[in-house]
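To start, the structure under review is shown below, and the notes come after it.
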Amino acid sequence: MKTYLSGIQPSGRQHLGNYFGAIRRHIALQEAEGEKFYFIADYHALTTVQDPDVLREMVLEMAVTYLALGLDPERVTLFRQSDIPEVCELTWLLSCVTGTGLLERAHSYKDKLAHGIRTSVGLFTYPILMASDILAYDSDLVPVGKDQKQHVEMAQDMAGYFNNTYGEVFVRPEPLIPEDELFAKVPGVDGQKMSKSYGNAIWIFEEGKPLQKIVGKLVTDSRPPEEPKDASELLPFRFLELFCDAAELADWRERLARGGADAPGYGHLKMRVKEAMDEHFHAARVRRRELLADRGEIERILARGAETARARAVATRDRALRACGLRPRSS
Ligand code: TYM
């Protein structure tokens with residue numbers, strides 16, 4: 001039986017990239033055979049969020065997001081990363097077999113540097129904590145967007161370094177990335193990858209005027225509507241591809257390619273993006289408001305999830321301690 005595991009940082013509201021690259025797939029995997037562990041990466045969020053009230057609120061919002069979109073806590077283990085302190089112990093054990101060169105090659109760290117984002121030791125060693133998350137539950141498959149592929153490969157490397165040094169302790173995980181490039185790397189309103197830290201994201205639950213405003217920011221050029229265009233080069237059309245069916249997309253594509261007096265302009269495309277989002281997320285928005293009214297229930301779900309997840313992590317931690325010559329603690 002396969003074990004699936006994934007995590008999402010609660011640092012910022014969840015956006016369409018998180019949804020199409022990860023959350024939607026995590027929920028769809030409920031139907032698959034195997035065990036599923038999904039967690040809210042609050043330890044990782046400390047690399048960017050340093051206000052305790054904000055962090056607590058973001059963790060809750062993340063849990064509510066999963067549940068509102070259809071995650072069933074009876075079928076998957078949903079938990080908070082920091083409820084499993086064993087991952088911090090594993091992080092130390094893995095740090096001692098991992099060269100600094102591996103971390104220096106991390107794209108996401110280099111991207112953050114290039115964007116002028118303040119870095120810390122925590123941000124630098126972030127992939128080791130992530131490897132511990134993955135390895136602690138003997139995960140076989142890690143469903144993530146393309147930007148996390150390298151981090152999963154680093155977890156493979158770290159498992160290999162440890163196993164080569166101390167014997168077979170960790171299971172080698174494989175990344176599970178959406179096949180369609182658009183879903184694997186959803187663009188932001190500026191056309192770069194949508195990211196919580198780049199200020200180019202569309203929040204899943206945005207609605208009304210604020211949604212209209214952010215969709216209005218989708219970058220276009222100044223060509224007039226009547227000029228024939230290749231739809232796939234237009235950012236608003238790429239967003240329609242996320243939501244609309246093949247027949248509707250073919251119709252837009254044809255009208256854009258034809259051009260002329262009754263061809264759609266960028267404003268039409270953007271209006272349809274907003275409408276499609278309203279249709280797609282309507283039920284989840286309603287459910288989110290209901291869930292936010294009972295915070296105690298969210299806490300209970302997370303506590304139950306932590307209990308299941310921790311039993312697995314303790315066993316792995318003890319296996320790793322024993323292999324290194326340290327004393328396992330639970331036996
Ligand atoms: P995070 O919180 O940045 O992103 C959560 C998930 O969303 C995916 N994603 C995207 N997919 C497609 N297009 C985009 N524009 C886009 N932006 C984000 C990410 O690939 C990810 O799947 N380090 C992780 C959290 C983490 C984790 C783990 C994941 C911690 N430990 C262990 C898996 C396994 C992160 O910051 O994801």
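For the structure tokens, the naming scheme is as follows: chains receive sequential letters (A, B, ...) according to their order of presentation, residues are indexed from 1 within each chain, and ligands are indexed from 1 in presentation order.
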
Contacts between ligand 1 and chain A, please, where a residue of chain A counts if it comes within 7 Å (with only C-alpha atoms and all ligand atoms); show its shortest atom pair and distance in Å to one decimal, rows by chain and ascending number, as a Markdown table.
| residue | atom | partner | partner_atom_place_in_ligand_line | distance |
| --- | --- | --- | --- | --- |
| A:Leu5 | CA | ligand 1 | 34 (C) | 6.2 |
| A:Ser6 | CA | ligand 1 | 33 (C) | 4.0 |
| A:Gly7 | CA | ligand 1 | 27 (C) | 3.9 |
| A:Ile8 | CA | ligand 1 | 2 (O) | 3.9 |
| A:Gln9 | CA | ligand 1 | 2 (O) | 3.6 |
| A:Pro10 | CA | ligand 1 | 2 (O) | 6.6 |
| A:Gly17 | CA | ligand 1 | 14 (C) | 3.5 |
| A:Asn18 | CA | ligand 1 | 7 (O) | 3.5 |
| A:Tyr19 | CA | ligand 1 | 7 (O) | 6.7 |
| A:Phe20 | CA | ligand 1 | 12 (C) | 6.0 |
| A:Gly21 | CA | ligand 1 | 11 (N) | 3.4 |
| A:Ala22 | CA | ligand 1 | 22 (O) | 4.7 |
| A:Ala41 | CA | ligand 1 | 30 (C) | 5.3 |
| A:His44 | CA | ligand 1 | 30 (C) | 6.4 |
| A:Leu129 | CA | ligand 1 | 31 (N) | 6.9 |
| A:Met130 | CA | ligand 1 | 31 (N) | 4.0 |
| A:Ala131 | CA | ligand 1 | 32 (C) | 6.7 |
| A:Asp133 | CA | ligand 1 | 32 (C) | 5.2 |
| A:Ile134 | CA | ligand 1 | 32 (C) | 5.2 |
| A:Val142 | CA | ligand 1 | 34 (C) | 6.1 |
| A:Pro143 | CA | ligand 1 | 22 (O) | 6.5 |
| A:Val144 | CA | ligand 1 | 22 (O) | 3.3 |
| A:Gly145 | CA | ligand 1 | 20 (O) | 3.1 |
| A:Lys146 | CA | ligand 1 | 20 (O) | 5.4 |
| A:Asp147 | CA | ligand 1 | 20 (O) | 4.9 |
| A:Gln148 | CA | ligand 1 | 20 (O) | 4.6 |
| A:Phe183 | CA | ligand 1 | 12 (C) | 5.6 |
| A:Ala184 | CA | ligand 1 | 12 (C) | 4.4 |
| A:Lys185 | CA | ligand 1 | 13 (N) | 3.5 |
| A:Val186 | CA | ligand 1 | 13 (N) | 3.7 |
| A:Pro187 | CA | ligand 1 | 15 (N) | 5.6 |
| A:Gly188 | CA | ligand 1 | 15 (N) | 6.9 |
| A:Lys193 | CA | ligand 1 | 15 (N) | 4.7 |
| A:Met194 | CA | ligand 1 | 15 (N) | 3.9 |
| A:Ser195 | CA | ligand 1 | 17 (N) | 5.3 |

Pull N, CA, C and O atoms from the residues just selected and write them as a short mmCIF file (atom, residue, chain, number, x, y, z; two decimals), in the first residue's frame.
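Below is the file that was written, part-v5.cif:
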data_model
loop_
_atom_site.label_atom_id
_atom_site.label_comp_id
_atom_site.auth_asym_id
_atom_site.auth_seq_id
_atom_site.Cartn_x
_atom_site.Cartn_y
_atom_site.Cartn_z
N LEU A 5 2.20 11.79 0.77
CA LEU A 5 2.37 12.86 1.77
C LEU A 5 2.62 14.19 1.07
O LEU A 5 3.31 14.24 0.05
N SER A 6 2.01 15.23 1.61
CA SER A 6 2.36 16.56 1.11
C SER A 6 2.11 17.61 2.19
O SER A 6 1.38 17.36 3.14
N GLY A 7 2.73 18.77 2.00
CA GLY A 7 2.57 19.86 2.96
C GLY A 7 2.39 21.18 2.23
O GLY A 7 2.81 21.32 1.08
N ILE A 8 1.75 22.12 2.91
CA ILE A 8 1.58 23.46 2.34
C ILE A 8 1.90 24.48 3.42
O ILE A 8 1.49 24.33 4.57
N GLN A 9 2.63 25.50 3.03
CA GLN A 9 2.94 26.55 4.00
C GLN A 9 1.72 27.42 4.22
O GLN A 9 1.07 27.83 3.25
N PRO A 10 1.43 27.77 5.46
CA PRO A 10 0.28 28.64 5.71
C PRO A 10 0.65 30.12 5.61
O PRO A 10 -0.17 30.97 5.93
N GLY A 17 -2.35 28.71 -7.76
CA GLY A 17 -1.22 27.80 -7.99
C GLY A 17 -1.24 26.66 -6.98
O GLY A 17 -1.10 25.49 -7.33
N ASN A 18 -1.46 27.00 -5.71
CA ASN A 18 -1.55 25.97 -4.67
C ASN A 18 -2.72 25.03 -4.96
O ASN A 18 -2.62 23.82 -4.75
N TYR A 19 -3.80 25.61 -5.45
CA TYR A 19 -5.00 24.81 -5.71
C TYR A 19 -4.76 23.83 -6.87
O TYR A 19 -4.91 22.61 -6.70
N PHE A 20 -4.37 24.35 -8.03
CA PHE A 20 -4.25 23.46 -9.19
C PHE A 20 -3.00 22.59 -9.13
O PHE A 20 -3.00 21.46 -9.62
N GLY A 21 -1.92 23.11 -8.51
CA GLY A 21 -0.69 22.33 -8.43
C GLY A 21 -0.74 21.27 -7.34
O GLY A 21 -0.07 20.25 -7.44
N ALA A 22 -1.52 21.53 -6.28
CA ALA A 22 -1.43 20.63 -5.13
C ALA A 22 -2.78 20.28 -4.50
O ALA A 22 -3.20 19.12 -4.52
N ALA A 41 2.43 23.35 7.00
CA ALA A 41 3.86 23.49 7.30
C ALA A 41 4.13 24.77 8.09
O ALA A 41 4.69 25.74 7.59
N HIS A 44 7.89 25.58 8.70
CA HIS A 44 8.46 26.24 7.52
C HIS A 44 8.02 27.69 7.43
O HIS A 44 8.77 28.56 7.00
N LEU A 129 14.52 20.24 6.54
CA LEU A 129 13.27 20.06 7.29
C LEU A 129 12.22 19.40 6.38
O LEU A 129 11.49 18.51 6.80
N MET A 130 12.20 19.84 5.14
CA MET A 130 11.22 19.26 4.20
C MET A 130 11.51 17.77 3.95
O MET A 130 10.60 16.94 3.87
N ALA A 131 12.80 17.43 3.85
CA ALA A 131 13.17 16.01 3.66
C ALA A 131 12.71 15.21 4.89
O ALA A 131 12.19 14.09 4.76
N ASP A 133 10.17 15.89 6.84
CA ASP A 133 8.72 15.73 6.72
C ASP A 133 8.38 14.52 5.86
O ASP A 133 7.49 13.74 6.17
N ILE A 134 9.09 14.44 4.75
CA ILE A 134 8.77 13.39 3.78
C ILE A 134 9.19 12.02 4.32
O ILE A 134 8.43 11.05 4.28
N VAL A 142 4.92 12.01 -3.35
CA VAL A 142 4.77 13.35 -2.80
C VAL A 142 4.12 14.25 -3.87
O VAL A 142 4.80 14.72 -4.78
N PRO A 143 2.79 14.43 -3.80
CA PRO A 143 2.11 15.26 -4.81
C PRO A 143 2.35 16.75 -4.56
O PRO A 143 1.88 17.30 -3.57
N VAL A 144 3.09 17.38 -5.47
CA VAL A 144 3.45 18.81 -5.35
C VAL A 144 3.46 19.45 -6.72
O VAL A 144 3.45 18.76 -7.74
N GLY A 145 3.51 20.79 -6.75
CA GLY A 145 3.70 21.52 -8.00
C GLY A 145 5.17 21.43 -8.42
O GLY A 145 6.02 20.96 -7.66
N LYS A 146 5.43 21.92 -9.64
CA LYS A 146 6.78 21.75 -10.20
C LYS A 146 7.86 22.45 -9.38
O LYS A 146 8.99 21.98 -9.31
N ASP A 147 7.50 23.57 -8.75
CA ASP A 147 8.52 24.31 -7.99
C ASP A 147 9.09 23.52 -6.82
O ASP A 147 10.15 23.85 -6.31
N GLN A 148 8.39 22.47 -6.38
CA GLN A 148 8.87 21.68 -5.24
C GLN A 148 9.59 20.39 -5.67
O GLN A 148 10.05 19.62 -4.83
N PHE A 183 -0.84 23.46 -15.10
CA PHE A 183 -1.27 23.11 -13.74
C PHE A 183 -0.06 22.90 -12.82
O PHE A 183 -0.14 23.15 -11.62
N ALA A 184 1.04 22.44 -13.41
CA ALA A 184 2.25 22.19 -12.60
C ALA A 184 2.90 23.51 -12.19
O ALA A 184 3.59 23.59 -11.18
N LYS A 185 2.67 24.57 -13.02
CA LYS A 185 3.30 25.87 -12.73
C LYS A 185 2.34 26.97 -13.18
O LYS A 185 2.46 27.52 -14.27
N VAL A 186 1.36 27.23 -12.34
CA VAL A 186 0.33 28.22 -12.67
C VAL A 186 0.96 29.61 -12.66
O VAL A 186 1.68 29.96 -11.71
N PRO A 187 0.73 30.41 -13.72
CA PRO A 187 1.33 31.75 -13.72
C PRO A 187 0.58 32.72 -12.81
O PRO A 187 -0.60 32.51 -12.51
N GLY A 188 1.27 33.75 -12.38
CA GLY A 188 0.64 34.82 -11.59
C GLY A 188 0.11 35.91 -12.51
O GLY A 188 0.25 35.80 -13.75
N LYS A 193 5.76 32.72 -12.31
CA LYS A 193 5.08 31.71 -11.48
C LYS A 193 4.28 32.39 -10.37
O LYS A 193 4.77 33.31 -9.73
N MET A 194 3.02 31.92 -10.16
CA MET A 194 2.24 32.48 -9.06
C MET A 194 2.89 32.04 -7.74
O MET A 194 3.19 30.87 -7.56
N SER A 195 3.10 33.00 -6.86
CA SER A 195 3.78 32.69 -5.61
C SER A 195 3.30 33.59 -4.48
O SER A 195 3.01 34.76 -4.70
#

Please report, as CSV, each residue of range 238-284 of chain A lying at most 12 Å from range 197-202 of chain A, together with the nearest pair of atoms and the separation in Å rounded to one decimal; use only C-alpha atoms, and order rows by chain and ascending residue number.
residue,atom,partner,partner_atom,distance
A:Phe239,CA,A:Ile202,CA,10.8
A:Val273,CA,A:Ile202,CA,11.4
A:Lys274,CA,A:Ile202,CA,10.7
A:Met277,CA,A:Ile202,CA,10.3

task: Please run DSSP on the backbone and report, as a ChimeraX atom specification, all residues within range 20-260 of chain A that come out as alpha helix (DSSP H).
output: /A:24-28,42-45,52-68,86-95,100-104,107-114,121-136,149-166,181-184,208-216,235-243,246-258

Write out as a PDB file with N, CA, C and O atoms, in the first residue's frame which residues come within 12 Å of Met58 in chain A when counting only C-alpha atoms, dropping same-chain ones fewer than 6 positions away.
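Everything below was put into around-v7.pdb:
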ATOM      1  N   ILE A   8       1.747  22.116   2.907  1.00  0.00           N
ATOM      2  CA  ILE A   8       1.578  23.461   2.339  1.00  0.00           C
ATOM      3  C   ILE A   8       1.902  24.477   3.416  1.00  0.00           C
ATOM      4  O   ILE A   8       1.487  24.329   4.569  1.00  0.00           O
ATOM      5  N   GLN A   9       2.630  25.496   3.033  1.00  0.00           N
ATOM      6  CA  GLN A   9       2.940  26.551   4.005  1.00  0.00           C
ATOM      7  C   GLN A   9       1.720  27.424   4.220  1.00  0.00           C
ATOM      8  O   GLN A   9       1.073  27.826   3.248  1.00  0.00           O
ATOM      9  N   PRO A  10       1.426  27.774   5.461  1.00  0.00           N
ATOM     10  CA  PRO A  10       0.279  28.644   5.706  1.00  0.00           C
ATOM     11  C   PRO A  10       0.646  30.122   5.608  1.00  0.00           C
ATOM     12  O   PRO A  10      -0.173  30.966   5.932  1.00  0.00           O
ATOM     13  N   SER A  11       1.878  30.420   5.146  1.00  0.00           N
ATOM     14  CA  SER A  11       2.314  31.824   5.134  1.00  0.00           C
ATOM     15  C   SER A  11       1.702  32.577   3.957  1.00  0.00           C
ATOM     16  O   SER A  11       2.310  32.691   2.910  1.00  0.00           O
ATOM     17  N   GLY A  12       0.488  33.055   4.128  1.00  0.00           N
ATOM     18  CA  GLY A  12      -0.208  33.738   3.033  1.00  0.00           C
ATOM     19  C   GLY A  12      -1.415  32.927   2.662  1.00  0.00           C
ATOM     20  O   GLY A  12      -1.491  31.739   2.945  1.00  0.00           O
ATOM     21  N   ARG A  13      -2.386  33.588   2.045  1.00  0.00           N
ATOM     22  CA  ARG A  13      -3.601  32.859   1.708  1.00  0.00           C
ATOM     23  C   ARG A  13      -3.327  31.962   0.507  1.00  0.00           C
ATOM     24  O   ARG A  13      -2.478  32.261  -0.331  1.00  0.00           O
ATOM     25  N   GLN A  14      -4.051  30.849   0.456  1.00  0.00           N
ATOM     26  CA  GLN A  14      -3.779  29.875  -0.606  1.00  0.00           C
ATOM     27  C   GLN A  14      -4.304  30.401  -1.950  1.00  0.00           C
ATOM     28  O   GLN A  14      -5.382  30.945  -2.046  1.00  0.00           O
ATOM     29  N   ILE A  40       0.051  21.072   7.493  1.00  0.00           N
ATOM     30  CA  ILE A  40       0.194  22.522   7.384  1.00  0.00           C
ATOM     31  C   ILE A  40       1.588  22.861   7.897  1.00  0.00           C
ATOM     32  O   ILE A  40       1.899  22.614   9.071  1.00  0.00           O
ATOM     33  N   ALA A  41       2.426  23.354   6.996  1.00  0.00           N
ATOM     34  CA  ALA A  41       3.856  23.491   7.303  1.00  0.00           C
ATOM     35  C   ALA A  41       4.126  24.770   8.094  1.00  0.00           C
ATOM     36  O   ALA A  41       4.694  25.739   7.590  1.00  0.00           O
ATOM     37  N   ASP A  42       3.742  24.739   9.377  1.00  0.00           N
ATOM     38  CA  ASP A  42       3.903  25.960  10.180  1.00  0.00           C
ATOM     39  C   ASP A  42       5.352  26.175  10.631  1.00  0.00           C
ATOM     40  O   ASP A  42       5.782  27.316  10.798  1.00  0.00           O
ATOM     41  N   ALA A  45       6.768  27.958   7.853  1.00  0.00           N
ATOM     42  CA  ALA A  45       6.251  29.330   7.745  1.00  0.00           C
ATOM     43  C   ALA A  45       7.036  30.308   8.619  1.00  0.00           C
ATOM     44  O   ALA A  45       7.071  31.508   8.338  1.00  0.00           O
ATOM     45  N   LEU A  46       7.696  29.781   9.662  1.00  0.00           N
ATOM     46  CA  LEU A  46       8.471  30.671  10.543  1.00  0.00           C
ATOM     47  C   LEU A  46       9.617  31.349   9.786  1.00  0.00           C
ATOM     48  O   LEU A  46      10.159  32.344  10.260  1.00  0.00           O
ATOM     49  N   VAL A  49       6.985  34.252   8.512  1.00  0.00           N
ATOM     50  CA  VAL A  49       5.968  34.899   9.354  1.00  0.00           C
ATOM     51  C   VAL A  49       6.470  34.942  10.790  1.00  0.00           C
ATOM     52  O   VAL A  49       6.748  33.888  11.371  1.00  0.00           O
ATOM     53  N   GLN A  50       6.568  36.137  11.359  1.00  0.00           N
ATOM     54  CA  GLN A  50       7.079  36.200  12.731  1.00  0.00           C
ATOM     55  C   GLN A  50       6.108  36.875  13.699  1.00  0.00           C
ATOM     56  O   GLN A  50       6.487  37.299  14.770  1.00  0.00           O
ATOM     57  N   ASP A  51       4.835  36.932  13.301  1.00  0.00           N
ATOM     58  CA  ASP A  51       3.809  37.471  14.197  1.00  0.00           C
ATOM     59  C   ASP A  51       2.960  36.275  14.660  1.00  0.00           C
ATOM     60  O   ASP A  51       2.287  35.636  13.839  1.00  0.00           O
ATOM     61  N   PRO A  52       2.998  35.944  15.976  1.00  0.00           N
ATOM     62  CA  PRO A  52       2.323  34.725  16.439  1.00  0.00           C
ATOM     63  C   PRO A  52       0.825  34.692  16.154  1.00  0.00           C
ATOM     64  O   PRO A  52       0.290  33.635  15.788  1.00  0.00           O
ATOM     65  N   VAL A  64      -9.033  25.247   7.143  1.00  0.00           N
ATOM     66  CA  VAL A  64     -10.374  25.534   6.637  1.00  0.00           C
ATOM     67  C   VAL A  64     -10.390  25.455   5.104  1.00  0.00           C
ATOM     68  O   VAL A  64     -11.349  24.958   4.503  1.00  0.00           O
ATOM     69  N   THR A  65      -9.321  25.913   4.489  1.00  0.00           N
ATOM     70  CA  THR A  65      -9.240  25.874   3.019  1.00  0.00           C
ATOM     71  C   THR A  65      -9.336  24.428   2.518  1.00  0.00           C
ATOM     72  O   THR A  65     -10.133  24.114   1.626  1.00  0.00           O
ATOM     73  N   ARG A  80      -0.944  19.400  11.773  1.00  0.00           N
ATOM     74  CA  ARG A  80      -0.066  20.548  11.850  1.00  0.00           C
ATOM     75  C   ARG A  80       1.369  20.028  11.984  1.00  0.00           C
ATOM     76  O   ARG A  80       1.633  19.187  12.851  1.00  0.00           O
TER      77      ARG A  80
END

Residue with smallest distance to Asp140 in chain A - pool A:Leu291, A:Cys244, A:Val171, A:Leu302, counting only C-alpha atoms: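 Closest residue, counting only C-alpha atoms: A:Val171.
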
message: I want to know what sits within 8 Å of Leu240 in chain A, based on only C-alpha atoms, with residues of the same chain fewer than 6 positions away left out; could you give that as JSON, numbers by chain?
response: {"A": [249, 269, 272, 273, 276]}

Please produce an output containing N, CA, C and O atoms for each residue in the selection, written as an mmCIF file, in the first residue's frame.
data_model
loop_
_atom_site.group_PDB
_atom_site.id
_atom_site.type_symbol
_atom_site.label_atom_id
_atom_site.label_comp_id
_atom_site.auth_asym_id
_atom_site.auth_seq_id
_atom_site.Cartn_x
_atom_site.Cartn_y
_atom_site.Cartn_z
ATOM 1 N N LEU A 249 -13.323 26.616 -24.700
ATOM 2 C CA LEU A 249 -11.974 27.112 -25.025
ATOM 3 C C LEU A 249 -11.782 27.188 -26.540
ATOM 4 O O LEU A 249 -11.213 28.142 -27.062
ATOM 5 N N LEU A 269 -12.271 38.626 -21.879
ATOM 6 C CA LEU A 269 -11.594 37.434 -21.346
ATOM 7 C C LEU A 269 -11.503 37.512 -19.822
ATOM 8 O O LEU A 269 -11.774 36.548 -19.105
ATOM 9 N N ARG A 272 -14.738 36.877 -18.036
ATOM 10 C CA ARG A 272 -15.069 35.441 -18.009
ATOM 11 C C ARG A 272 -14.201 34.689 -16.968
ATOM 12 O O ARG A 272 -14.668 33.739 -16.333
ATOM 13 N N VAL A 273 -12.953 35.137 -16.790
ATOM 14 C CA VAL A 273 -12.099 34.502 -15.770
ATOM 15 C C VAL A 273 -12.755 34.677 -14.402
ATOM 16 O O VAL A 273 -12.889 33.724 -13.620
ATOM 17 N N ALA A 276 -15.844 32.515 -14.137
ATOM 18 C CA ALA A 276 -15.511 31.082 -14.034
ATOM 19 C C ALA A 276 -15.035 30.757 -12.622
ATOM 20 O O ALA A 276 -15.343 29.698 -12.069
#

message: Based on the backbone DSSP call, show me all residues of range 73-290 of chain A assigned strand (DSSP E or B), as an MDAnalysis selection string.
response: chainID A and resid 77:80 141:143 174:176 187 193 203

task: May I have the residues within 8 Å of Gln156 in chain A as an MDAnalysis selection string, using only C-alpha atoms and disregarding those fewer than 2 positions away in the same chain?
output: chainID A and resid 131 152:154 158:160 172:174

Atoms kept (N, CA and C atoms) for selection, written as a short mmCIF file (atom, residue, chain, number, x, y, z; two decimals), in the first residue's frame:
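Once written, part_20.cif looks like this:
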data_model
loop_
_atom_site.label_atom_id
_atom_site.label_comp_id
_atom_site.auth_asym_id
_atom_site.auth_seq_id
_atom_site.Cartn_x
_atom_site.Cartn_y
_atom_site.Cartn_z
N ALA A 131 12.80 17.43 3.85
CA ALA A 131 13.17 16.01 3.66
C ALA A 131 12.71 15.21 4.89
N VAL A 152 11.96 17.65 -3.44
CA VAL A 152 11.70 16.21 -3.24
C VAL A 152 12.93 15.40 -3.69
N GLU A 153 13.56 15.86 -4.76
CA GLU A 153 14.78 15.16 -5.21
C GLU A 153 15.89 15.29 -4.17
N MET A 154 15.92 16.44 -3.48
CA MET A 154 16.93 16.60 -2.42
C MET A 154 16.63 15.63 -1.26
N MET A 158 19.11 12.98 0.34
CA MET A 158 19.42 12.89 1.78
C MET A 158 19.13 11.49 2.32
N ALA A 159 18.03 10.89 1.84
CA ALA A 159 17.72 9.51 2.26
C ALA A 159 18.87 8.60 1.83
N GLY A 160 19.36 8.85 0.63
CA GLY A 160 20.48 8.04 0.11
C GLY A 160 21.74 8.22 0.95
N ARG A 172 12.75 5.69 -0.16
CA ARG A 172 13.00 6.70 -1.19
C ARG A 172 11.68 7.22 -1.75
N PRO A 173 11.42 8.52 -1.62
CA PRO A 173 10.15 9.08 -2.12
C PRO A 173 10.25 9.50 -3.59
N GLU A 174 9.11 9.58 -4.26
CA GLU A 174 9.08 10.08 -5.64
C GLU A 174 8.12 11.27 -5.71
#

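When only C-alpha atoms are used to measure the gap to Glu179 in chain A, the shortest distance among A:Lys2, A:Arg25, A:Glu279, A:Ile301 belongs to A:Arg25.
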
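When only C-alpha atoms are used to compute distances to Lys36 in chain A, the closest of the residues A:Glu61, A:Glu297, A:Asp138, A:Asp83 turns out to be A:Asp138.
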
- request: For Arg317 in chain A, please output as number ranges by chain all residues within 9 Å (counting only C-alpha atoms; exclusion window: fewer than 3 positions along the same chain).
  value: A: 86-87, 89-90, 136, 312-314, 320-322, 328-329

- request: Do a neighbour search on Asp230 in chain A at 12 Å with only C-alpha atoms, toss out local chain neighbours closer than 5 positions, and write the hits as a list in words.
  value: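 So, after excluding close chain neighbours, the residues are Leu235, Phe237, Arg238, Ala250, Trp252, Arg253, Glu254, Arg255, Leu256, Ala257, Arg258 and Gly259 of chain A.
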
Just to be explicit: take each residue in the selection above, keep all heavy atoms, and write the result as a compact mmCIF listing (two decimals), in the first residue's frame.
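Once written, result-v2.txt looks like this:
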# COMPACT_ATOMS: atom_id res chain seq x y z
N LEU A 235 -2.31 35.80 -21.52
CA LEU A 235 -2.38 35.37 -20.12
C LEU A 235 -3.83 35.15 -19.64
O LEU A 235 -4.11 34.13 -19.01
CB LEU A 235 -1.63 36.39 -19.24
CG LEU A 235 -1.41 35.97 -17.79
CD1 LEU A 235 -0.62 34.68 -17.68
CD2 LEU A 235 -0.71 37.10 -17.02
N PHE A 237 -6.32 34.13 -21.27
CA PHE A 237 -6.80 32.87 -21.85
C PHE A 237 -6.21 31.67 -21.11
O PHE A 237 -6.89 30.67 -20.87
CB PHE A 237 -6.46 32.79 -23.34
CG PHE A 237 -6.97 31.52 -23.98
CD1 PHE A 237 -8.31 31.39 -24.32
CD2 PHE A 237 -6.12 30.44 -24.18
CE1 PHE A 237 -8.80 30.20 -24.86
CE2 PHE A 237 -6.60 29.25 -24.72
CZ PHE A 237 -7.94 29.14 -25.06
N ARG A 238 -4.95 31.78 -20.69
CA ARG A 238 -4.34 30.70 -19.92
C ARG A 238 -5.14 30.43 -18.63
O ARG A 238 -5.31 29.31 -18.20
CB ARG A 238 -2.89 31.05 -19.55
CG ARG A 238 -2.06 31.47 -20.74
CD ARG A 238 -0.95 30.53 -21.08
NE ARG A 238 -1.35 29.18 -21.36
CZ ARG A 238 -0.55 28.12 -21.21
NH1 ARG A 238 0.65 28.28 -20.74
NH2 ARG A 238 -0.96 26.92 -21.54
N ALA A 250 -12.31 26.16 -27.25
CA ALA A 250 -12.17 26.14 -28.71
C ALA A 250 -12.89 27.34 -29.31
O ALA A 250 -12.40 27.98 -30.26
CB ALA A 250 -12.75 24.84 -29.26
N TRP A 252 -13.48 30.35 -27.85
CA TRP A 252 -12.68 31.56 -27.61
C TRP A 252 -11.49 31.61 -28.56
O TRP A 252 -11.18 32.63 -29.16
CB TRP A 252 -12.13 31.58 -26.17
CG TRP A 252 -13.10 31.95 -25.09
CD1 TRP A 252 -13.72 31.08 -24.24
CD2 TRP A 252 -13.55 33.27 -24.72
NE1 TRP A 252 -14.53 31.78 -23.37
CE2 TRP A 252 -14.44 33.11 -23.63
CE3 TRP A 252 -13.29 34.55 -25.20
CZ2 TRP A 252 -15.08 34.19 -23.01
CZ3 TRP A 252 -13.91 35.63 -24.58
CH2 TRP A 252 -14.80 35.45 -23.51
N ARG A 253 -10.84 30.46 -28.71
CA ARG A 253 -9.63 30.39 -29.54
C ARG A 253 -9.94 30.80 -30.97
O ARG A 253 -9.23 31.62 -31.57
CB ARG A 253 -9.09 28.94 -29.51
CG ARG A 253 -7.58 28.88 -29.60
CD ARG A 253 -7.04 27.48 -29.52
NE ARG A 253 -6.67 27.09 -28.18
CZ ARG A 253 -7.20 26.08 -27.51
NH1 ARG A 253 -8.15 25.33 -28.05
NH2 ARG A 253 -6.81 25.78 -26.30
N GLU A 254 -11.08 30.29 -31.45
CA GLU A 254 -11.47 30.55 -32.84
C GLU A 254 -11.81 32.04 -33.03
O GLU A 254 -11.37 32.68 -33.98
CB GLU A 254 -12.66 29.62 -33.14
CG GLU A 254 -13.00 29.45 -34.61
CD GLU A 254 -14.01 30.49 -35.07
OE1 GLU A 254 -14.95 30.78 -34.29
OE2 GLU A 254 -13.82 31.03 -36.17
N ARG A 255 -12.57 32.61 -32.08
CA ARG A 255 -12.97 34.02 -32.22
C ARG A 255 -11.77 34.95 -32.10
O ARG A 255 -11.68 35.96 -32.79
CB ARG A 255 -14.03 34.36 -31.17
CG ARG A 255 -15.40 33.79 -31.57
CD ARG A 255 -16.34 33.62 -30.41
NE ARG A 255 -16.60 34.86 -29.72
CZ ARG A 255 -16.72 35.00 -28.39
NH1 ARG A 255 -16.58 33.97 -27.60
NH2 ARG A 255 -16.98 36.15 -27.86
N LEU A 256 -10.82 34.58 -31.26
CA LEU A 256 -9.62 35.41 -31.11
C LEU A 256 -8.76 35.33 -32.37
O LEU A 256 -8.20 36.34 -32.83
CB LEU A 256 -8.81 34.96 -29.90
CG LEU A 256 -9.41 35.36 -28.54
CD1 LEU A 256 -8.88 34.47 -27.41
CD2 LEU A 256 -9.12 36.84 -28.23
N ALA A 257 -8.67 34.13 -32.97
CA ALA A 257 -7.83 33.94 -34.16
C ALA A 257 -8.44 34.66 -35.36
O ALA A 257 -7.72 35.18 -36.22
CB ALA A 257 -7.69 32.45 -34.45
N ARG A 258 -9.79 34.71 -35.41
CA ARG A 258 -10.48 35.34 -36.53
C ARG A 258 -10.33 36.87 -36.48
O ARG A 258 -10.18 37.54 -37.48
CB ARG A 258 -11.96 34.94 -36.49
CG ARG A 258 -12.72 35.31 -37.73
CD ARG A 258 -14.01 34.50 -37.94
NE ARG A 258 -14.52 33.82 -36.77
CZ ARG A 258 -15.56 34.24 -36.03
NH1 ARG A 258 -16.18 35.36 -36.32
NH2 ARG A 258 -15.99 33.53 -35.00
N GLY A 259 -10.37 37.43 -35.30
CA GLY A 259 -10.29 38.90 -35.15
C GLY A 259 -11.53 39.57 -35.73
O GLY A 259 -12.60 38.97 -35.78
